[in-house]
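Asks: Pasting a structure below so you can have a look.
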Amino acid sequence: MTATGVAVHCYWNGRVKKEKGDVDYEGDNVNIMPVKLNYGTTYAELLDKIYTITGIDRWGFELNIICRYPISSREYKPIPIKNDEAVELMLEVPIRSGVFCVEIYLETNAVNKPFHVEANAPANVQISPLSHLLKGECNAVYSNDWETSSKHSNDSPKKDDNQMEGRKWEELNRDCLVNVFQKVGMESMLLDVPLVCKSWHKASLDPKCWEFLIFPEYIEPDDIWGRGPFAERFMLEFQFSVTAFIKFVIDRSCGHATALSLPICCTEEAFKYAANKCPKLELLGLNAGLLHKHSSIIPKLISKWKNLQSLVLGSSHGMEEILTPIRLFCRNFTRLSAPKTNVGNKEASAIVTSLPNLRYLVLNGASIEQESLVMILQGCKQLIEIDVRDCDGFDEDDAEILKLASHIPSFMCKGSYLYDPFDDYEHTQIDHNYRVYGYGCCYDYD
């Protein structure tokens with residue numbers, strides 16, 4: 001009988017412990033769950049299954065998936081699973097080594113919550129990884145403006161503490177309220193702030209409060225991952241479609257939006273509406289779902305954002321087609337972020353060809369081979385900051401890369417490594433009938 005999948009033991013609530021020649025997983029309350037993964041399972045499908053069986057908060061935690069990968073009959077190494085290629089390699093373990101059950105270990109990283117977490121929201125409401133990254137991009141793009149604003153505030157006469165006693169929140173200067181509301185997440189701006197008092201309601205309508213339109217990635221209640229606090233409150237308060245909701249929020253900006261990240265469920269109609277109504281956009285975030293769903297229209301829409309400076313990609317899907325209009329229409333573009341994506345020669349060539357004047361490049365956690373990174377370093381001469389930490393495909397001590405990057409003021413590559421597990425199977429032979437020989441064993445997969 002032909003095998004259709006692989007048995008996988010999933011461990012969580014612990015930490016990976018590297019030992020000589022082996023990998024262990026330890027913790028006081030380690031959980032384990034056997035699951036079956038079919039051949040052809042993608043990385044996104046693997047994540048969906050893991051979040052489902054473990055109950056880990058998808059909104060609040062990023063996952064590091066580590067495979068206990070056999071490189072010989074008695075030796076194992078920790079291999080991070082971060083993309084479709086790594087999942088495919090993991091599912092080949094039983095065929096290549098004779099190990100009947102694959103072990104994966106989960107480590108969770110809490111998502112920071114300085115930007116999108118609401119003061120009055122439940123404690124478990126946290127921003128998605130892409131939203132958190134967009135917050136960092138906003139800080140980078142607009143740091144000078146904020147520093148200037150902060151300087152002016154510090155130069156203002158200081159109020160005596162006694163003078164502040166008895167002041168009421170609703171009596172705060174409108175400009176002060178707007179300045180605060182600019183840093184409040186979308187949920188509170190829609191469902192909390194306007195209900196406090198009339199002055200807060202009026203201030204919340206100021207277009208300056210809606211310059212950063214960072215939608216939650218999942219807001220559609222019909223979606224299994226959309227059944228979070230935001231989606232539930234949204235459906236109770238706003239009895240209209242997701243498309244109408246997106247248009248409603250975009251209209252609040254009155255054409256002044258400078259940062260935009262749309263939800264995965266965004267329709268083509270809503271996407272085109274955003275392109276037409278946000279002409280001043282400087283920062284755009286595109287999650288993996290949007291890139292796959294709307295790959296045919298995204299390049300056309302980008303041509304409308306002539307002020308675009310920064311782009312955050314959740315996937316490398318269609319990168320070449322996306323970067324081409326940026327070269328043609330976005331003269332001020334300086335920053336590209338594509339962490340934890342696959343960057344091959346095709347993507348590297350697109351970056352060099354379309355963004356020769358790129359100043360900032362963020363590829364931390366990506367899969368990028370040495371040849372592709374060399375291509376970028378040789379082609380993008382204007383780079384002043386590049387982040388390729390924790391990447392796989394090249395070694396952090398690679399002499400050629402370090403030489404090419406020596407002129408870059410901020411070059412970060414710590415934790416990057418080069419590992420080819422196929423080199424450890426030179427003694428393993430596979431005949432034309434897919435019979436695997438190795439370590440004195442024979443397994444028939446006909």
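Naming works like this for the structure tokens: A, B, ... for the chains as they're shown, residue 1 at the start of each chain, ligands 1 onward in shown order.
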I need the residues in stretch 332-388 of chain A that are helix (DSSP H, G or I) according to DSSP; give them as a list in words.

Replies: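 After running DSSP on the backbone, stretch 332-388 of chain A has helix (DSSP H, G or I) at Asn345, Lys346, Glu347, Ala348, Ser349, Ala350, Ile351, Val352, Thr353, Ser354, Gln370, Glu371, Ser372, Leu373, Val374, Met375, Ile376, Leu377, Gln378 and Gly379 of chain A.
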
Asks: Determine, counting only C-alpha atoms, which protein, DNA and RNA residues have an atom within 10 Å of an atom of A:Ala86; residues of the same chain fewer than 6 positions away are not included. Present the result as an mmCIF file with N, CA, C and O atoms, in the first residue's frame.

Replies:
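What ended up in selection09.cif:
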```cif
data_model
loop_
_atom_site.group_PDB
_atom_site.id
_atom_site.type_symbol
_atom_site.label_atom_id
_atom_site.label_comp_id
_atom_site.auth_asym_id
_atom_site.auth_seq_id
_atom_site.Cartn_x
_atom_site.Cartn_y
_atom_site.Cartn_z
ATOM 1 N N THR A 42 1.870 22.252 2.628
ATOM 2 C CA THR A 42 2.641 23.489 2.546
ATOM 3 C C THR A 42 2.961 24.013 3.943
ATOM 4 O O THR A 42 2.389 23.545 4.942
ATOM 5 N N TYR A 43 3.847 24.982 3.998
ATOM 6 C CA TYR A 43 4.202 25.578 5.293
ATOM 7 C C TYR A 43 2.996 26.262 5.930
ATOM 8 O O TYR A 43 2.772 26.143 7.132
ATOM 9 N N CYS A 67 12.717 20.788 13.508
ATOM 10 C CA CYS A 67 12.628 19.364 13.210
ATOM 11 C C CYS A 67 13.869 18.650 13.746
ATOM 12 O O CYS A 67 14.996 19.105 13.542
ATOM 13 N N ILE A 79 16.763 21.369 12.667
ATOM 14 C CA ILE A 79 16.562 22.054 11.397
ATOM 15 C C ILE A 79 15.306 22.910 11.490
ATOM 16 O O ILE A 79 14.212 22.396 11.747
ATOM 17 N N PRO A 80 15.416 24.238 11.316
ATOM 18 C CA PRO A 80 14.219 25.095 11.384
ATOM 19 C C PRO A 80 13.332 24.875 10.167
ATOM 20 O O PRO A 80 13.812 24.750 9.041
ATOM 21 N N GLU A 92 10.250 13.909 3.845
ATOM 22 C CA GLU A 92 11.042 12.877 3.194
ATOM 23 C C GLU A 92 11.904 12.093 4.166
ATOM 24 O O GLU A 92 12.571 11.136 3.770
ATOM 25 N N SER A 367 15.186 32.394 3.697
ATOM 26 C CA SER A 367 16.011 31.379 3.053
ATOM 27 C C SER A 367 16.642 32.024 1.821
ATOM 28 O O SER A 367 15.953 32.320 0.855
#
```

Asks: Using only C-alpha atoms, which protein or nucleic acid residues come within 9 Å of A:Asp392? Drop anything in the same chain fewer than 3 positions from it, and give the result as a ChimeraX atom specification.

Replies: /A:80,365-369,395,415-419

Asks: Atoms to include: all heavy atoms. Write the selected residues as a compact mmCIF listing (two decimals), in the first residue's frame.

Replies:
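Heads up, here's the output in selection_38.txt:
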```txt
# COMPACT_ATOMS: atom_id res chain seq x y z
N PRO A 80 15.42 24.24 11.32
CA PRO A 80 14.22 25.09 11.38
C PRO A 80 13.33 24.88 10.17
O PRO A 80 13.81 24.75 9.04
CB PRO A 80 14.80 26.51 11.41
CG PRO A 80 16.14 26.38 10.74
CD PRO A 80 16.66 25.01 11.08
N GLY A 365 15.68 35.95 8.89
CA GLY A 365 14.94 34.69 8.93
C GLY A 365 14.60 34.12 7.57
O GLY A 365 13.87 33.12 7.49
N ALA A 366 15.09 34.71 6.51
CA ALA A 366 14.74 34.25 5.16
C ALA A 366 15.63 33.08 4.74
O ALA A 366 16.66 32.79 5.35
CB ALA A 366 14.90 35.39 4.16
N SER A 367 15.19 32.39 3.70
CA SER A 367 16.01 31.38 3.05
C SER A 367 16.64 32.02 1.82
O SER A 367 15.95 32.32 0.85
CB SER A 367 15.16 30.17 2.64
OG SER A 367 14.67 29.49 3.77
N ILE A 368 17.93 32.28 1.90
CA ILE A 368 18.63 32.95 0.81
C ILE A 368 20.02 32.35 0.67
O ILE A 368 20.79 32.32 1.64
CB ILE A 368 18.69 34.48 1.03
CG1 ILE A 368 19.49 35.15 -0.09
CG2 ILE A 368 19.23 34.83 2.41
CD1 ILE A 368 19.40 36.67 -0.06
N GLU A 369 20.34 31.87 -0.50
CA GLU A 369 21.64 31.26 -0.72
C GLU A 369 22.73 32.31 -0.89
O GLU A 369 22.45 33.47 -1.21
CB GLU A 369 21.59 30.34 -1.95
CG GLU A 369 20.67 29.15 -1.77
CD GLU A 369 20.73 28.20 -2.95
OE1 GLU A 369 21.41 28.54 -3.93
OE2 GLU A 369 20.08 27.14 -2.88
N ASP A 395 26.69 31.17 5.34
CA ASP A 395 27.28 31.20 6.68
C ASP A 395 27.58 32.63 7.10
O ASP A 395 28.01 33.45 6.27
CB ASP A 395 28.57 30.37 6.71
CG ASP A 395 29.06 30.13 8.13
OD1 ASP A 395 28.64 29.14 8.74
OD2 ASP A 395 29.87 30.96 8.61
N GLY A 415 23.81 34.60 13.26
CA GLY A 415 22.89 33.47 13.34
C GLY A 415 22.59 32.82 12.01
O GLY A 415 21.90 31.79 11.96
N SER A 416 23.09 33.37 10.91
CA SER A 416 22.85 32.77 9.61
C SER A 416 23.80 31.58 9.41
O SER A 416 24.93 31.58 9.89
CB SER A 416 23.04 33.80 8.50
OG SER A 416 22.05 34.80 8.57
N TYR A 417 23.34 30.58 8.69
CA TYR A 417 24.10 29.36 8.59
C TYR A 417 23.89 28.69 7.23
O TYR A 417 22.91 28.96 6.52
CB TYR A 417 23.70 28.37 9.69
CG TYR A 417 22.25 27.96 9.61
CD1 TYR A 417 21.88 26.78 8.97
CD2 TYR A 417 21.25 28.75 10.16
CE1 TYR A 417 20.55 26.41 8.87
CE2 TYR A 417 19.92 28.39 10.07
CZ TYR A 417 19.58 27.22 9.43
OH TYR A 417 18.26 26.86 9.33
N LEU A 418 24.81 27.83 6.89
CA LEU A 418 24.73 27.05 5.66
C LEU A 418 24.70 25.59 6.05
O LEU A 418 25.61 25.08 6.71
CB LEU A 418 25.95 27.32 4.77
CG LEU A 418 26.07 26.46 3.51
CD1 LEU A 418 24.89 26.72 2.58
CD2 LEU A 418 27.38 26.74 2.80
N TYR A 419 23.62 24.90 5.65
CA TYR A 419 23.51 23.48 6.01
C TYR A 419 22.82 22.74 4.88
O TYR A 419 21.75 23.14 4.43
CB TYR A 419 22.71 23.30 7.30
CG TYR A 419 22.49 21.85 7.65
CD1 TYR A 419 23.56 21.04 8.01
CD2 TYR A 419 21.21 21.28 7.61
CE1 TYR A 419 23.37 19.71 8.32
CE2 TYR A 419 21.02 19.95 7.91
CZ TYR A 419 22.10 19.16 8.27
OH TYR A 419 21.91 17.84 8.57
```

Asks: Which neighbours of stretch 373-386 of chain A fall inside 7 Å, counting only C-alpha atoms, when residues of the same chain fewer than 3 positions from it are skipped, and could you give them as a list in words?

Replies: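 Residues near the query, excluding close chain neighbours: Ala348, Val352, Pro356, Asn357, Leu358, Arg359, Tyr360, Leu361, Val362, Ile368, Glu369, Gln370, Ile401, Leu404, Ala405, Ile408, Pro409, Ser410, Phe411 and Met412 of chain A.
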
Asks: Between A:Ile297, A:Cys413, A:Ile56, A:Val242, which one has atoms that come closest to A:Ala110, using only C-alpha atoms?

Replies: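 With only C-alpha atoms as the atom set, the closest residue is A:Ile56.
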
Asks: Set the distance at 7 Å and use only C-alpha atoms: which residues neighbour A:Val102 once local chain neighbours fewer than 3 positions away are removed? I'd like the list as a count of residues only.

Replies: 3

Asks: Quick check, in Å to one decimal: how far apart do atom CA of A:Ser204 and atom CA of A:Cys278 lie?

Replies: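 Atom CA of A:Cys278 lies at a distance of 18.7 Å from atom CA of A:Ser204.
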
Asks: So how far away is atom CA of A:Ile264 from atom CA of A:Leu323, in Å?

Replies: 20.6 Å

Asks: Atom CA of A:His317 and atom CA of A:Lys280, how far apart in Å?

Replies: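 If I compute the distance from atom CA of A:Lys280 to atom CA of A:His317, I get 25.4 Å.
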
Asks: Taking only C-alpha atoms into account, which of A:Asn29, A:Gly5, A:Pro279, A:Cys330 comes nearest A:Glu88?

Replies: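 Closest to A:Glu88, using only C-alpha atoms: A:Gly5.
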
Asks: Would you kindly return, as a CSV table (one decimal) with all heavy atoms, in the first residue's frame, each protein, DNA or RNA residue with an atom no farther than 9 Å from any atom of A:Val6, considering only C-alpha atoms and excluding same-chain residues fewer than 3 positions away?

Replies:
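The result, stored in result27.csv:
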```
chain,number,residue,atom,x,y,z
A,3,ALA,N,2.2,4.8,0.8
A,3,ALA,CA,2.0,5.8,1.9
A,3,ALA,C,1.5,7.1,1.4
A,3,ALA,O,2.1,7.6,0.4
A,3,ALA,CB,3.3,5.9,2.7
A,35,VAL,N,0.2,13.7,14.8
A,35,VAL,CA,-0.6,14.2,13.7
A,35,VAL,C,-0.1,13.5,12.4
A,35,VAL,O,1.1,13.1,12.3
A,35,VAL,CB,-0.5,15.7,13.5
A,35,VAL,CG1,-1.1,16.4,14.7
A,35,VAL,CG2,0.9,16.2,13.3
A,36,LYS,N,-0.9,13.5,11.4
A,36,LYS,CA,-0.5,13.0,10.1
A,36,LYS,C,-0.5,14.1,9.1
A,36,LYS,O,-1.4,14.9,9.0
A,36,LYS,CB,-1.5,11.9,9.6
A,36,LYS,CG,-1.2,11.4,8.2
A,36,LYS,CD,-2.2,10.4,7.7
A,36,LYS,CE,-1.8,10.0,6.2
A,36,LYS,NZ,-2.8,9.0,5.7
A,37,LEU,N,0.7,14.2,8.4
A,37,LEU,CA,0.8,15.3,7.4
A,37,LEU,C,0.9,14.6,6.0
A,37,LEU,O,1.8,13.7,5.8
A,37,LEU,CB,2.1,16.1,7.7
A,37,LEU,CG,2.1,17.0,8.9
A,37,LEU,CD1,3.5,17.7,9.0
A,37,LEU,CD2,1.0,17.9,8.9
A,38,ASN,N,0.0,15.0,5.2
A,38,ASN,CA,0.1,14.4,3.8
A,38,ASN,C,1.2,14.9,3.0
A,38,ASN,O,1.7,16.1,3.2
A,38,ASN,CB,-1.3,14.7,3.1
A,38,ASN,CG,-2.4,14.0,3.7
A,38,ASN,OD1,-2.3,12.9,4.3
A,38,ASN,ND2,-3.6,14.6,3.7
A,39,TYR,N,1.7,14.1,2.1
A,39,TYR,CA,2.7,14.6,1.2
A,39,TYR,C,2.2,15.8,0.4
A,39,TYR,O,1.0,15.8,-0.1
A,39,TYR,CB,3.2,13.5,0.2
A,39,TYR,CG,3.9,12.4,0.9
A,39,TYR,CD1,3.4,11.1,0.9
A,39,TYR,CD2,5.1,12.6,1.6
A,39,TYR,CE1,4.1,10.1,1.5
A,39,TYR,CE2,5.8,11.6,2.2
A,39,TYR,CZ,5.2,10.3,2.2
A,39,TYR,OH,5.9,9.3,2.8
A,91,LEU,N,9.2,15.9,5.4
A,91,LEU,CA,8.3,14.8,5.0
A,91,LEU,C,9.0,13.6,4.3
A,91,LEU,O,8.5,12.5,4.2
A,91,LEU,CB,7.1,15.3,4.2
A,91,LEU,CG,6.2,16.3,4.8
A,91,LEU,CD1,5.1,16.7,3.9
A,91,LEU,CD2,5.6,15.7,6.1
A,92,GLU,N,10.3,13.9,3.8
A,92,GLU,CA,11.0,12.9,3.2
A,92,GLU,C,11.9,12.1,4.2
A,92,GLU,O,12.6,11.1,3.8
A,92,GLU,CB,11.9,13.5,2.1
A,92,GLU,CG,11.2,14.1,0.9
A,92,GLU,CD,12.1,14.7,-0.1
A,92,GLU,OE1,13.3,14.9,0.2
A,92,GLU,OE2,11.7,15.1,-1.1
A,93,VAL,N,11.9,12.5,5.4
A,93,VAL,CA,12.7,11.8,6.4
A,93,VAL,C,12.5,10.3,6.5
A,93,VAL,O,13.5,9.5,6.5
A,93,VAL,CB,12.5,12.5,7.8
A,93,VAL,CG1,13.1,11.6,8.9
A,93,VAL,CG2,13.2,13.8,7.9
A,94,PRO,N,11.3,9.8,6.6
A,94,PRO,CA,11.1,8.4,6.6
A,94,PRO,C,11.6,7.6,5.4
A,94,PRO,O,12.1,6.5,5.5
A,94,PRO,CB,9.6,8.2,6.7
A,94,PRO,CG,9.1,9.5,7.3
A,94,PRO,CD,10.0,10.5,6.7
A,100,PHE,N,10.5,6.2,11.2
A,100,PHE,CA,9.1,6.0,10.9
A,100,PHE,C,8.3,7.2,11.4
A,100,PHE,O,7.2,7.5,10.8
A,100,PHE,CB,8.5,4.7,11.5
A,100,PHE,CG,9.0,3.5,10.8
A,100,PHE,CD1,10.0,2.7,11.4
A,100,PHE,CD2,8.5,3.2,9.5
A,100,PHE,CE1,10.5,1.6,10.7
A,100,PHE,CE2,9.0,2.0,8.9
A,100,PHE,CZ,10.0,1.3,9.5
A,101,CYS,N,8.7,7.9,12.4
A,101,CYS,CA,8.0,9.1,12.9
A,101,CYS,C,8.9,10.3,13.0
A,101,CYS,O,10.0,10.2,13.6
A,101,CYS,CB,7.4,8.7,14.3
A,101,CYS,SG,6.3,10.0,15.0
A,102,VAL,N,8.4,11.4,12.5
A,102,VAL,CA,9.2,12.6,12.5
A,102,VAL,C,8.8,13.4,13.8
A,102,VAL,O,7.6,13.4,14.2
A,102,VAL,CB,8.9,13.5,11.3
A,102,VAL,CG1,9.7,14.8,11.3
A,102,VAL,CG2,9.3,12.7,10.0
```

Asks: Would you mind telling me which residue in A:Gly344, A:Trp200, A:Tyr11, A:Cys209 lies nearest to A:Val178 when using only C-alpha atoms?

Replies: A:Cys209

Asks: I need the residue nearest A:Glu107 from this list: A:Val196, A:Cys10, A:Leu177, A:Ala399. Use only C-alpha atoms for the distance.

Replies: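 Result for the nearest residue to A:Glu107: A:Cys10.
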
Asks: Identify, on the basis of only C-alpha atoms, every residue whose closest approach to A:Ala259 does not exceed 7 Å; exclude the query and any residue fewer than 3 positions from it along the same chain; express the result as an MDAnalysis selection string.

Replies: chainID A and resid 211:213 281:284

Asks: My list of candidates is A:Val388, A:Leu336, A:Ala288, A:Ile66. Which is closest to A:Ser261 when distances are computed with only C-alpha atoms?

Replies: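 Of the candidates, the smallest distance to A:Ser261 is held by A:Ala288.
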